[in-house]
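Colleague: I'm passing along data.tsv; it holds TSV, C-alpha atoms.
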```tsv
chain	number	residue	atom	x	y	z
A	1	MET	CA	76.14	151.84	26.40
A	2	PHE	CA	78.91	154.39	26.52
A	3	GLN	CA	79.92	154.85	30.12
A	4	GLN	CA	80.21	158.48	31.07
A	5	VAL	CA	83.08	158.70	33.47
A	6	SER	CA	82.30	160.95	36.40
A	7	PRO	CA	85.31	160.78	38.64
A	8	HIS	CA	85.57	162.39	42.03
A	9	LYS	CA	81.97	161.79	43.06
A	10	GLY	CA	83.18	159.83	46.06
A	11	ALA	CA	86.03	161.37	47.99
A	12	LEU	CA	85.79	164.79	46.23
A	13	PRO	CA	82.20	166.10	45.88
A	14	ARG	CA	82.12	168.56	43.01
A	15	GLN	CA	78.84	170.37	43.20
A	16	GLY	CA	78.74	173.97	44.16
A	17	LEU	CA	80.99	176.70	45.33
A	18	ARG	CA	81.71	175.06	48.69
A	19	ALA	CA	82.90	171.91	47.00
A	20	GLY	CA	85.18	173.97	44.80
A	21	LEU	CA	86.62	175.82	47.76
A	22	ARG	CA	87.19	172.53	49.56
A	23	VAL	CA	88.95	171.02	46.55
A	24	GLY	CA	91.01	174.16	46.09
A	25	PHE	CA	92.12	174.17	49.70
A	26	THR	CA	93.12	170.49	49.51
A	27	LEU	CA	95.03	170.92	46.29
A	28	GLY	CA	96.47	174.27	47.35
A	29	THR	CA	97.76	172.84	50.60
A	30	ALA	CA	99.52	170.10	48.68
A	31	SER	CA	101.22	172.61	46.40
A	32	PHE	CA	101.90	175.19	49.12
A	33	LEU	CA	105.22	173.59	50.01
A	34	LEU	CA	106.17	173.51	46.35
A	35	ALA	CA	105.50	177.24	46.29
A	36	VAL	CA	107.71	177.73	49.34
A	37	SER	CA	110.42	175.79	47.55
A	38	PHE	CA	110.05	177.93	44.45
A	39	GLY	CA	110.34	181.11	46.49
A	40	ALA	CA	113.46	179.77	48.20
A	41	ILE	CA	115.10	178.73	44.95
A	42	THR	CA	114.50	182.11	43.33
A	43	ARG	CA	116.07	183.90	46.30
A	44	SER	CA	119.11	181.67	46.02
A	45	GLN	CA	119.41	182.84	42.41
A	46	GLY	CA	119.28	186.49	43.40
A	47	TRP	CA	115.66	187.24	42.53
A	48	ALA	CA	113.80	189.91	44.42
A	49	ALA	CA	111.08	188.45	46.63
A	50	ALA	CA	108.53	190.59	44.79
A	51	GLY	CA	109.67	189.12	41.48
A	52	ALA	CA	109.10	185.58	42.70
A	53	VAL	CA	105.62	186.42	43.97
A	54	LEU	CA	104.69	188.24	40.76
A	55	CYS	CA	105.95	185.28	38.76
A	56	SER	CA	103.77	182.90	40.75
A	57	MET	CA	100.70	185.09	40.48
A	58	ALA	CA	101.13	185.77	36.75
A	59	VAL	CA	102.32	182.34	35.56
A	60	PHE	CA	100.51	180.15	38.14
A	61	SER	CA	102.16	176.96	36.94
A	62	ALA	CA	104.57	175.04	39.15
A	63	SER	CA	106.09	173.05	36.32
A	64	ALA	CA	106.70	176.10	34.12
A	65	GLN	CA	108.10	178.13	36.99
A	66	PHE	CA	110.46	175.38	38.05
A	67	ALA	CA	111.49	174.86	34.42
A	68	LEU	CA	112.26	178.58	34.26
A	69	VAL	CA	114.40	178.69	37.40
A	70	SER	CA	116.08	175.37	36.65
A	71	THR	CA	117.16	176.48	33.19
A	72	LEU	CA	118.35	179.87	34.42
A	73	GLY	CA	120.08	178.26	37.38
A	74	ALA	CA	121.91	175.85	35.08
A	75	GLY	CA	123.31	178.75	33.11
A	76	GLY	CA	120.77	178.75	30.32
A	77	GLY	CA	119.82	182.00	28.68
A	78	VAL	CA	116.49	183.77	28.92
A	79	ALA	CA	115.34	182.36	25.58
A	80	SER	CA	116.10	178.77	26.61
A	81	ALA	CA	114.37	179.23	29.94
A	82	VAL	CA	111.26	180.72	28.32
A	83	VAL	CA	111.10	177.94	25.73
A	84	ALA	CA	111.48	175.29	28.44
A	85	ALA	CA	108.66	176.81	30.46
A	86	ALA	CA	106.43	177.16	27.40
A	87	LEU	CA	106.99	173.54	26.37
A	88	VAL	CA	106.05	172.31	29.81
A	89	ASN	CA	102.89	174.43	29.69
A	90	ALA	CA	101.93	173.14	26.24
A	91	ARG	CA	99.60	170.71	28.03
A	92	PHE	CA	97.26	173.66	28.68
A	93	LEU	CA	96.34	173.66	24.99
A	94	PRO	CA	94.28	170.44	25.12
A	95	MET	CA	93.11	171.29	28.62
A	96	GLY	CA	91.79	174.65	27.42
A	97	VAL	CA	90.05	173.00	24.48
A	98	ALA	CA	88.51	170.44	26.80
A	99	ALA	CA	87.21	173.07	29.22
A	100	SER	CA	86.09	175.46	26.49
A	101	GLY	CA	82.49	174.25	26.50
A	102	SER	CA	82.16	175.11	30.17
A	103	LEU	CA	83.46	178.67	29.84
A	104	ARG	CA	80.96	181.43	29.15
A	105	GLY	CA	80.57	184.39	26.86
A	106	GLY	CA	82.32	185.41	23.69
A	107	ARG	CA	85.93	184.92	22.80
A	108	LEU	CA	87.24	187.73	25.02
A	109	ARG	CA	85.41	186.57	28.12
A	110	ARG	CA	86.45	182.96	27.52
A	111	ALA	CA	90.03	184.10	27.19
A	112	ALA	CA	89.67	185.95	30.49
A	113	GLU	CA	88.24	182.83	32.17
A	114	ALA	CA	90.87	180.51	30.68
A	115	PRO	CA	93.56	181.15	33.36
A	116	ALA	CA	91.37	179.14	35.74
A	117	VAL	CA	92.46	176.05	33.80
A	118	VAL	CA	95.17	174.60	36.00
A	119	ASP	CA	96.06	170.94	36.51
A	120	GLY	CA	94.37	170.21	39.81
A	121	SER	CA	91.18	172.20	39.17
A	122	TRP	CA	90.86	170.78	35.67
A	123	ALA	CA	91.28	167.25	36.97
A	124	ALA	CA	88.78	167.74	39.83
A	125	ALA	CA	86.03	169.49	37.85
A	126	PRO	CA	84.89	167.05	35.11
A	127	LEU	CA	81.28	165.94	35.19
A	128	GLY	CA	81.50	163.45	32.35
A	129	GLY	CA	80.32	163.96	28.81
A	130	GLY	CA	83.06	166.51	28.21
A	131	ARG	CA	81.62	169.03	30.66
A	132	PHE	CA	83.21	170.67	33.66
A	133	ASP	CA	81.73	172.06	36.86
A	134	ARG	CA	82.37	175.81	36.57
A	135	ARG	CA	82.04	176.44	40.28
A	136	VAL	CA	84.57	173.77	41.16
A	137	LEU	CA	86.93	174.92	38.40
A	138	PHE	CA	86.95	178.59	39.38
A	139	ALA	CA	86.66	178.24	43.14
A	140	ALA	CA	89.41	175.64	43.27
A	141	SER	CA	91.68	177.76	41.07
A	142	VAL	CA	91.14	180.95	43.06
A	143	VAL	CA	92.01	179.22	46.33
A	144	GLN	CA	95.06	177.55	44.82
A	145	TRP	CA	96.16	180.85	43.30
A	146	GLY	CA	96.06	182.53	46.68
A	147	LEU	CA	97.92	179.71	48.40
A	148	TRP	CA	100.45	179.51	45.58
A	149	GLY	CA	101.26	183.20	45.92
A	150	ALA	CA	101.35	183.01	49.71
A	151	GLY	CA	103.68	180.03	49.64
A	152	THR	CA	106.01	181.80	47.24
A	153	ALA	CA	106.04	184.88	49.48
A	154	LEU	CA	106.85	182.70	52.48
A	155	GLY	CA	109.65	180.92	50.65
A	156	GLY	CA	111.02	184.16	49.30
A	157	GLY	CA	110.87	185.75	52.71
A	158	LEU	CA	112.30	182.90	54.77
A	159	ALA	CA	114.63	181.64	52.01
A	160	PRO	CA	115.10	178.11	53.44
A	161	ARG	CA	117.64	175.76	51.92
A	162	PRO	CA	116.69	175.16	48.26
A	163	HIS	CA	116.90	171.36	48.69
A	164	LEU	CA	114.70	171.34	51.77
A	165	LEU	CA	111.77	170.03	49.80
A	166	THR	CA	113.68	167.03	48.49
A	167	SER	CA	115.47	166.25	51.75
A	168	LEU	CA	112.13	166.20	53.58
A	169	GLY	CA	110.64	163.86	50.99
A	170	LEU	CA	108.21	166.51	49.84
A	171	GLY	CA	109.30	166.58	46.20
A	172	GLY	CA	106.75	163.92	45.34
A	173	GLY	CA	103.77	166.07	46.26
A	174	ALA	CA	102.68	166.75	42.70
A	175	PRO	CA	102.94	163.17	41.32
A	176	ALA	CA	101.21	161.80	44.42
A	177	MET	CA	98.42	164.36	44.06
A	178	PHE	CA	97.84	163.47	40.40
A	179	LEU	CA	97.94	159.75	41.15
A	180	PHE	CA	95.34	160.26	43.86
A	181	LEU	CA	93.08	162.14	41.43
A	182	LEU	CA	93.57	159.46	38.80
A	183	LEU	CA	92.52	156.73	41.23
A	184	ASP	CA	89.59	158.78	42.58
A	185	ALA	CA	87.26	157.59	39.85
A	186	PRO	CA	84.44	155.50	41.29
A	187	GLY	CA	82.61	153.64	38.58
A	188	ALA	CA	85.34	154.18	36.02
A	189	GLY	CA	85.24	151.43	33.42
A	190	ARG	CA	87.69	149.60	31.25
A	191	LEU	CA	88.02	152.46	28.78
A	192	TYR	CA	89.04	154.88	31.55
A	193	TRP	CA	91.80	152.61	32.82
A	194	THR	CA	92.96	151.61	29.35
A	195	THR	CA	93.26	155.27	28.42
A	196	ALA	CA	95.17	156.02	31.62
A	197	MET	CA	97.62	153.19	31.03
A	198	LEU	CA	98.14	154.20	27.43
A	199	GLY	CA	98.66	157.82	28.42
A	200	GLY	CA	101.23	156.80	31.01
A	201	VAL	CA	103.10	154.57	28.57
A	202	ILE	CA	103.18	157.29	25.92
A	203	ALA	CA	104.43	159.86	28.42
A	204	ALA	CA	107.06	157.43	29.70
A	205	GLY	CA	108.40	156.78	26.22
A	206	LEU	CA	108.36	160.38	25.07
A	207	SER	CA	110.04	161.52	28.29
A	208	PHE	CA	113.26	159.88	27.09
A	209	LEU	CA	113.40	162.29	24.18
A	210	LEU	CA	111.28	165.32	24.93
A	211	PRO	CA	110.58	167.79	27.75
A	212	ALA	CA	107.50	167.25	29.90
A	213	GLY	CA	105.20	169.53	27.88
A	214	PRO	CA	105.35	167.68	24.56
A	215	ALA	CA	105.38	164.35	26.42
A	216	LEU	CA	102.09	165.35	28.04
A	217	ILE	CA	100.56	166.33	24.72
A	218	GLY	CA	101.50	162.88	23.49
A	219	ALA	CA	99.84	161.36	26.55
A	220	ALA	CA	96.69	163.37	25.83
A	221	CYS	CA	96.46	161.62	22.45
A	222	ALA	CA	95.48	158.45	24.34
A	223	SER	CA	92.04	160.06	24.70
A	224	LEU	CA	91.54	159.39	20.98
A	225	LEU	CA	90.60	155.86	22.05
A	226	ALA	CA	87.12	157.34	22.43
A	227	LEU	CA	86.89	157.44	18.63
A	228	ALA	CA	87.09	153.65	18.52
A	229	ARG	CA	83.85	153.27	20.47
A	230	PRO	CA	80.31	153.81	19.19
A	231	LEU	CA	78.47	156.81	20.53
A	232	PRO	CA	75.49	156.23	22.86
A	233	LYS	CA	72.12	156.31	21.06
A	234	GLU	CA	71.10	159.69	22.50
A	235	ASP	CA	74.20	161.32	21.06
A	236	ARG	CA	73.95	159.79	17.59
A	237	ASP	CA	70.92	161.92	16.72
A	238	GLY	CA	72.72	165.26	16.93
A	239	PRO	CA	74.74	167.63	19.14
A	240	CYS	CA	74.50	167.04	22.86
A	241	ARG	CA	71.55	168.82	24.44
A	242	PRO	CA	71.29	169.76	28.11
A	243	GLN	CA	69.91	166.84	30.08
A	244	ALA	CA	67.24	166.94	32.79
A	245	ASN	CA	69.77	166.23	35.52
A	246	ASP	CA	72.24	168.91	34.42
A	247	GLN	CA	73.58	170.91	37.33
A	248	PRO	CA	73.34	174.73	37.32
A	249	GLY	CA	76.52	176.33	36.14
A	250	THR	CA	77.44	173.37	33.98
A	251	GLU	CA	75.15	173.82	30.99
A	252	PRO	CA	76.87	174.16	27.61
A	253	ILE	CA	76.97	177.55	26.00
A	254	GLN	CA	73.75	178.26	24.04
B	1	MET	CA	119.04	189.75	39.46
B	2	THR	CA	115.33	189.21	38.80
B	3	PRO	CA	114.77	188.09	35.18
B	4	TRP	CA	111.79	190.37	34.56
B	5	PRO	CA	111.72	189.82	30.75
B	6	ALA	CA	111.68	186.04	31.24
B	7	ILE	CA	108.90	186.26	33.82
B	8	ALA	CA	106.82	188.48	31.54
B	9	ALA	CA	107.37	186.22	28.53
B	10	VAL	CA	106.42	183.05	30.43
B	11	ALA	CA	103.34	184.76	31.86
B	12	VAL	CA	102.16	185.89	28.42
B	13	LEU	CA	102.83	182.48	26.87
B	14	SER	CA	101.05	180.66	29.70
B	15	PHE	CA	98.00	182.85	29.25
B	16	ALA	CA	98.09	182.37	25.47
B	17	LEU	CA	98.31	178.59	25.76
B	18	LYS	CA	95.33	178.44	28.10
B	19	ALA	CA	93.24	180.91	26.12
B	20	ALA	CA	93.98	179.62	22.61
B	21	GLY	CA	91.47	176.77	22.70
B	22	PRO	CA	88.52	178.66	24.22
B	23	THR	CA	89.18	181.69	22.00
B	24	ALA	CA	89.37	179.64	18.81
B	25	LEU	CA	86.27	177.61	19.62
B	26	GLY	CA	84.20	180.61	20.73
B	27	GLU	CA	80.60	179.65	21.49
B	28	ARG	CA	80.51	176.64	19.20
B	29	GLU	CA	79.01	173.51	20.69
B	30	LEU	CA	81.37	170.57	20.68
B	31	SER	CA	80.26	167.49	18.77
B	32	PRO	CA	79.45	164.27	20.68
B	33	ARG	CA	82.62	162.69	19.30
B	34	THR	CA	84.72	165.57	20.55
B	35	ARG	CA	83.08	165.46	23.96
B	36	ALA	CA	83.77	161.73	24.15
B	37	VAL	CA	87.46	162.38	23.48
B	38	ILE	CA	87.54	165.20	26.04
B	39	THR	CA	86.00	162.92	28.65
B	40	LEU	CA	89.01	160.66	28.33
B	41	MET	CA	91.54	163.49	28.48
B	42	ALA	CA	91.43	163.49	32.27
B	43	PRO	CA	92.77	159.94	32.78
B	44	ALA	CA	95.22	160.33	29.91
B	45	LEU	CA	96.70	163.58	31.20
B	46	LEU	CA	96.63	162.55	34.85
B	47	ALA	CA	98.62	159.43	34.03
B	48	GLY	CA	100.94	161.56	31.95
B	49	LEU	CA	101.40	164.06	34.78
B	50	VAL	CA	102.27	161.26	37.20
B	51	THR	CA	104.76	159.78	34.73
B	52	THR	CA	106.48	163.05	33.82
B	53	GLY	CA	106.57	164.03	37.48
B	54	VAL	CA	108.47	160.83	38.23
B	55	ALA	CA	110.60	160.92	35.09
B	56	GLY	CA	111.92	164.42	35.67
B	57	ASP	CA	114.30	165.62	32.99
B	58	ARG	CA	114.41	162.80	30.41
B	59	TRP	CA	114.50	160.14	33.15
B	60	ARG	CA	117.86	161.44	34.40
B	61	THR	CA	116.59	162.54	37.82
B	62	VAL	CA	114.36	159.63	38.83
B	63	ASP	CA	114.01	159.35	42.59
B	64	PRO	CA	113.73	155.65	43.60
B	65	ALA	CA	112.44	156.63	47.03
B	66	LEU	CA	109.58	158.55	45.40
B	67	LEU	CA	108.75	155.56	43.19
B	68	VAL	CA	108.48	153.33	46.24
B	69	ALA	CA	106.38	155.89	48.10
B	70	LEU	CA	103.97	156.31	45.18
B	71	THR	CA	103.18	152.58	45.18
B	72	ALA	CA	101.50	153.16	48.53
B	73	VAL	CA	98.96	155.60	47.10
B	74	PRO	CA	96.49	152.94	45.85
B	75	LEU	CA	96.50	151.25	49.24
B	76	LEU	CA	96.10	154.54	51.09
B	77	ARG	CA	93.28	155.45	48.72
B	78	ARG	CA	91.57	152.14	49.51
B	79	CYS	CA	91.78	153.03	53.20
B	80	ARG	CA	89.69	156.10	52.28
B	81	LEU	CA	92.28	158.56	53.56
B	82	PRO	CA	91.75	162.15	52.34
B	83	MET	CA	94.27	163.63	49.92
B	84	PRO	CA	96.26	165.71	52.44
B	85	ALA	CA	96.82	162.62	54.61
B	86	VAL	CA	97.92	160.63	51.58
B	87	LEU	CA	100.39	163.32	50.55
B	88	VAL	CA	101.86	163.47	54.05
B	89	ALA	CA	102.13	159.66	54.13
B	90	VAL	CA	103.92	159.67	50.76
B	91	ALA	CA	106.36	162.30	52.01
B	92	LEU	CA	107.10	160.35	55.18
B	93	LEU	CA	107.51	157.10	53.29
B	94	ALA	CA	109.86	158.69	50.75
B	95	THR	CA	111.94	160.17	53.56
B	96	ALA	CA	112.06	156.82	55.34
B	97	VAL	CA	113.14	154.96	52.20
B	98	ARG	CA	115.73	157.61	51.48
B	99	GLY	CA	117.04	157.30	55.03
B	100	LEU	CA	117.24	153.52	54.80
B	101	THR	CA	119.07	153.53	51.51
B	102	THR	CA	121.67	156.21	52.23
```
So that I can check it, write out the structure of this file as structure tokens.

Modeller:
Amino acid sequence: MFQQVSPHKGALPRQGLRAGLRVGFTLGTASFLLAVSFGAITRSQGWAAAGAVLCSMAVFSASAQFALVSTLGAGGGVASAVVAAALVNARFLPMGVAASGSLRGGRLRRAAEAPAVVDGSWAAAPLGGGRFDRRVLFAASVVQWGLWGAGTALGGGLAPRPHLLTSLGLGGGAPAMFLFLLLDAPGAGRLYWTTAMLGGVIAAGLSFLLPAGPALIGAACASLLALARPLPKEDRDGPCRPQANDQPGTEPIQ
Amino acid sequence: MTPWPAIAAVAVLSFALKAAGPTALGERELSPRTRAVITLMAPALLAGLVTTGVAGDRWRTVDPALLVALTAVPLLRRCRLPMPAVLVAVALLATAVRGLTT
């Protein structure tokens, strides 16, 4: 029997708007200090505080924003910085595809909903079977968006030392957060852990040669292990249909 | 000087990368095979995000103190600590290791 992985049912309840807000606040708090650091770094490079805040609100991606400022700070040109940021954000391609079934409406509306796909929300919202909890996804993203912008404004306003984050041991916030989410998978079976290990190994190897974005796309290919397993009987007969225990807000698009 | 063209370009590209998949797929239902693959994207990408976060730029900026601190996460998770507490513990441990080794 194919085991549908439903992570986060233990420590991170995913049903409903309140759960999404709670997840968003937890994740947003973790990234708040990263946002402060980003704001501080941009001020050290001569950015206007408003520019840093607008960047955070419009891009809403820590890795891309830090790739942007790092490349510019190292003397790279605008083109190099933009390419670096885009490569890091390439991971959003498979994430967007994965979440597509849980977005609503036609192409325009789905495109408008797509910015909610950010790492933490995407990782906290899956229900198994390729579906995502819309309420968790959007609520968590909205809260994180607000905290991300607020943190950037604080960093841009206070302009603390750019290396404050590292000297205080806070630079590991993002990897620790993702490791926590990875481990928060009660009932995850062998396939889940095998896929995780393979994804980590692929990313580790590719990281010697490529920026983070392409390395992450390579890691995502570990999910193709699912093709090596037979489908459960109820899925062999045709496209997945809504099940009796489907939660509101999670049904596939009709 | 604020690099407004770079900010605008990154913002547009970020939006495009997120919207490309949902826009291309439209309202089509994903096949069971595709949904099975998507189910496994979470562990694959999470492991990748941890690895690339540690690796930094082509493994040239690895922080040994962070590596040590991250090994505590499974144990802290077993103690049923919430995420914010785990993140604070990781930060403190990384700072302590850094202080002991410098």

Colleague: Let me make sure I understand: among A:Ala123, A:Gly187, A:Ala139, A:Ala74, which one has the smallest atom-to-atom distance to chain B if we use all atoms listed in the file?

Modeller: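 For chain B, the nearest of the given residues is A:Ala123.
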
Colleague: List every residue of chain B that has an atom at most 7 Å from any atom of chain A, giving for each one its closest atom pair and the distance in Å to one decimal, counting only C-alpha atoms, sorted by chain and then by ascending residue number, as JSON lines.

Modeller:
```
{"residue": "B:Met1", "atom": "CA", "partner": "A:Gly46", "partner_atom": "CA", "distance": 5.1}
{"residue": "B:Thr2", "atom": "CA", "partner": "A:Trp47", "partner_atom": "CA", "distance": 4.2}
{"residue": "B:Ala6", "atom": "CA", "partner": "A:Val78", "partner_atom": "CA", "distance": 5.8}
{"residue": "B:Ile7", "atom": "CA", "partner": "A:Cys55", "partner_atom": "CA", "distance": 5.8}
{"residue": "B:Ala9", "atom": "CA", "partner": "A:Val82", "partner_atom": "CA", "distance": 6.7}
{"residue": "B:Val10", "atom": "CA", "partner": "A:Val82", "partner_atom": "CA", "distance": 5.8}
{"residue": "B:Ala11", "atom": "CA", "partner": "A:Val59", "partner_atom": "CA", "distance": 4.5}
{"residue": "B:Leu13", "atom": "CA", "partner": "A:Ala86", "partner_atom": "CA", "distance": 6.4}
{"residue": "B:Ser14", "atom": "CA", "partner": "A:Val59", "partner_atom": "CA", "distance": 6.2}
{"residue": "B:Phe15", "atom": "CA", "partner": "A:Pro115", "partner_atom": "CA", "distance": 6.3}
{"residue": "B:Leu17", "atom": "CA", "partner": "A:Leu93", "partner_atom": "CA", "distance": 5.4}
{"residue": "B:Lys18", "atom": "CA", "partner": "A:Phe92", "partner_atom": "CA", "distance": 5.2}
{"residue": "B:Ala19", "atom": "CA", "partner": "A:Ala111", "partner_atom": "CA", "distance": 4.7}
{"residue": "B:Ala20", "atom": "CA", "partner": "A:Leu93", "partner_atom": "CA", "distance": 6.8}
{"residue": "B:Gly21", "atom": "CA", "partner": "A:Val97", "partner_atom": "CA", "distance": 4.4}
{"residue": "B:Pro22", "atom": "CA", "partner": "A:Ser100", "partner_atom": "CA", "distance": 4.6}
{"residue": "B:Thr23", "atom": "CA", "partner": "A:Arg107", "partner_atom": "CA", "distance": 4.7}
{"residue": "B:Gly26", "atom": "CA", "partner": "A:Arg107", "partner_atom": "CA", "distance": 5.1}
{"residue": "B:Glu27", "atom": "CA", "partner": "A:Ile253", "partner_atom": "CA", "distance": 6.2}
{"residue": "B:Glu29", "atom": "CA", "partner": "A:Gly101", "partner_atom": "CA", "distance": 6.8}
{"residue": "B:Leu30", "atom": "CA", "partner": "A:Gly101", "partner_atom": "CA", "distance": 7.0}
{"residue": "B:Ser31", "atom": "CA", "partner": "A:Pro239", "partner_atom": "CA", "distance": 5.5}
{"residue": "B:Pro32", "atom": "CA", "partner": "A:Pro239", "partner_atom": "CA", "distance": 6.0}
{"residue": "B:Arg33", "atom": "CA", "partner": "A:Leu227", "partner_atom": "CA", "distance": 6.8}
{"residue": "B:Arg35", "atom": "CA", "partner": "A:Gly130", "partner_atom": "CA", "distance": 4.4}
{"residue": "B:Ala36", "atom": "CA", "partner": "A:Ala226", "partner_atom": "CA", "distance": 5.8}
{"residue": "B:Val37", "atom": "CA", "partner": "A:Ala226", "partner_atom": "CA", "distance": 5.2}
{"residue": "B:Ile38", "atom": "CA", "partner": "A:Gly130", "partner_atom": "CA", "distance": 5.1}
{"residue": "B:Thr39", "atom": "CA", "partner": "A:Gly130", "partner_atom": "CA", "distance": 4.7}
{"residue": "B:Leu40", "atom": "CA", "partner": "A:Ser223", "partner_atom": "CA", "distance": 4.8}
{"residue": "B:Met41", "atom": "CA", "partner": "A:Ser223", "partner_atom": "CA", "distance": 5.1}
{"residue": "B:Ala42", "atom": "CA", "partner": "A:Ala123", "partner_atom": "CA", "distance": 6.0}
{"residue": "B:Pro43", "atom": "CA", "partner": "A:Ala196", "partner_atom": "CA", "distance": 4.7}
{"residue": "B:Ala44", "atom": "CA", "partner": "A:Gly199", "partner_atom": "CA", "distance": 4.5}
{"residue": "B:Leu45", "atom": "CA", "partner": "A:Ala220", "partner_atom": "CA", "distance": 5.4}
{"residue": "B:Leu46", "atom": "CA", "partner": "A:Phe178", "partner_atom": "CA", "distance": 5.8}
{"residue": "B:Ala47", "atom": "CA", "partner": "A:Gly200", "partner_atom": "CA", "distance": 4.8}
{"residue": "B:Gly48", "atom": "CA", "partner": "A:Gly200", "partner_atom": "CA", "distance": 4.9}
{"residue": "B:Leu49", "atom": "CA", "partner": "A:Phe178", "partner_atom": "CA", "distance": 6.7}
{"residue": "B:Val50", "atom": "CA", "partner": "A:Pro175", "partner_atom": "CA", "distance": 4.6}
{"residue": "B:Thr51", "atom": "CA", "partner": "A:Gly200", "partner_atom": "CA", "distance": 5.9}
{"residue": "B:Thr52", "atom": "CA", "partner": "A:Ala212", "partner_atom": "CA", "distance": 5.8}
{"residue": "B:Gly53", "atom": "CA", "partner": "A:Pro175", "partner_atom": "CA", "distance": 5.4}
{"residue": "B:Val54", "atom": "CA", "partner": "A:Pro175", "partner_atom": "CA", "distance": 6.8}
{"residue": "B:Ala55", "atom": "CA", "partner": "A:Ser207", "partner_atom": "CA", "distance": 6.8}
{"residue": "B:Asp57", "atom": "CA", "partner": "A:Pro211", "partner_atom": "CA", "distance": 6.8}
{"residue": "B:Arg58", "atom": "CA", "partner": "A:Phe208", "partner_atom": "CA", "distance": 4.6}
{"residue": "B:Trp59", "atom": "CA", "partner": "A:Phe208", "partner_atom": "CA", "distance": 6.2}
{"residue": "B:Leu66", "atom": "CA", "partner": "A:Gly172", "partner_atom": "CA", "distance": 6.1}
{"residue": "B:Leu70", "atom": "CA", "partner": "A:Ala176", "partner_atom": "CA", "distance": 6.2}
{"residue": "B:Val73", "atom": "CA", "partner": "A:Phe180", "partner_atom": "CA", "distance": 6.7}
{"residue": "B:Met83", "atom": "CA", "partner": "A:Thr26", "partner_atom": "CA", "distance": 7.0}
{"residue": "B:Pro84", "atom": "CA", "partner": "A:Thr26", "partner_atom": "CA", "distance": 6.4}
{"residue": "B:Leu87", "atom": "CA", "partner": "A:Gly173", "partner_atom": "CA", "distance": 6.1}
{"residue": "B:Ala91", "atom": "CA", "partner": "A:Gly169", "partner_atom": "CA", "distance": 4.7}
{"residue": "B:Leu92", "atom": "CA", "partner": "A:Gly169", "partner_atom": "CA", "distance": 6.5}
{"residue": "B:Ala94", "atom": "CA", "partner": "A:Gly169", "partner_atom": "CA", "distance": 5.2}
{"residue": "B:Thr95", "atom": "CA", "partner": "A:Gly169", "partner_atom": "CA", "distance": 4.7}
```

Colleague: One decimal, Å: what's the distance from atom CA of A:Ala153 over to atom CA of A:Arg22, could you say?

Modeller: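 Atom CA of A:Ala153 sits 22.5 Å away from atom CA of A:Arg22.
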
Colleague: State, in Å with one decimal place, the distance from atom CA of A:Arg134 to atom CA of A:Gly151.

Modeller: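 Atom-to-atom, atom CA of A:Arg134 to atom CA of A:Gly151, that is 25.4 Å.
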
Colleague: Have a look at atom CA of B:Val90 and atom CA of A:Leu34 and let me know their distance in Å, one decimal.

Modeller: 14.7 Å
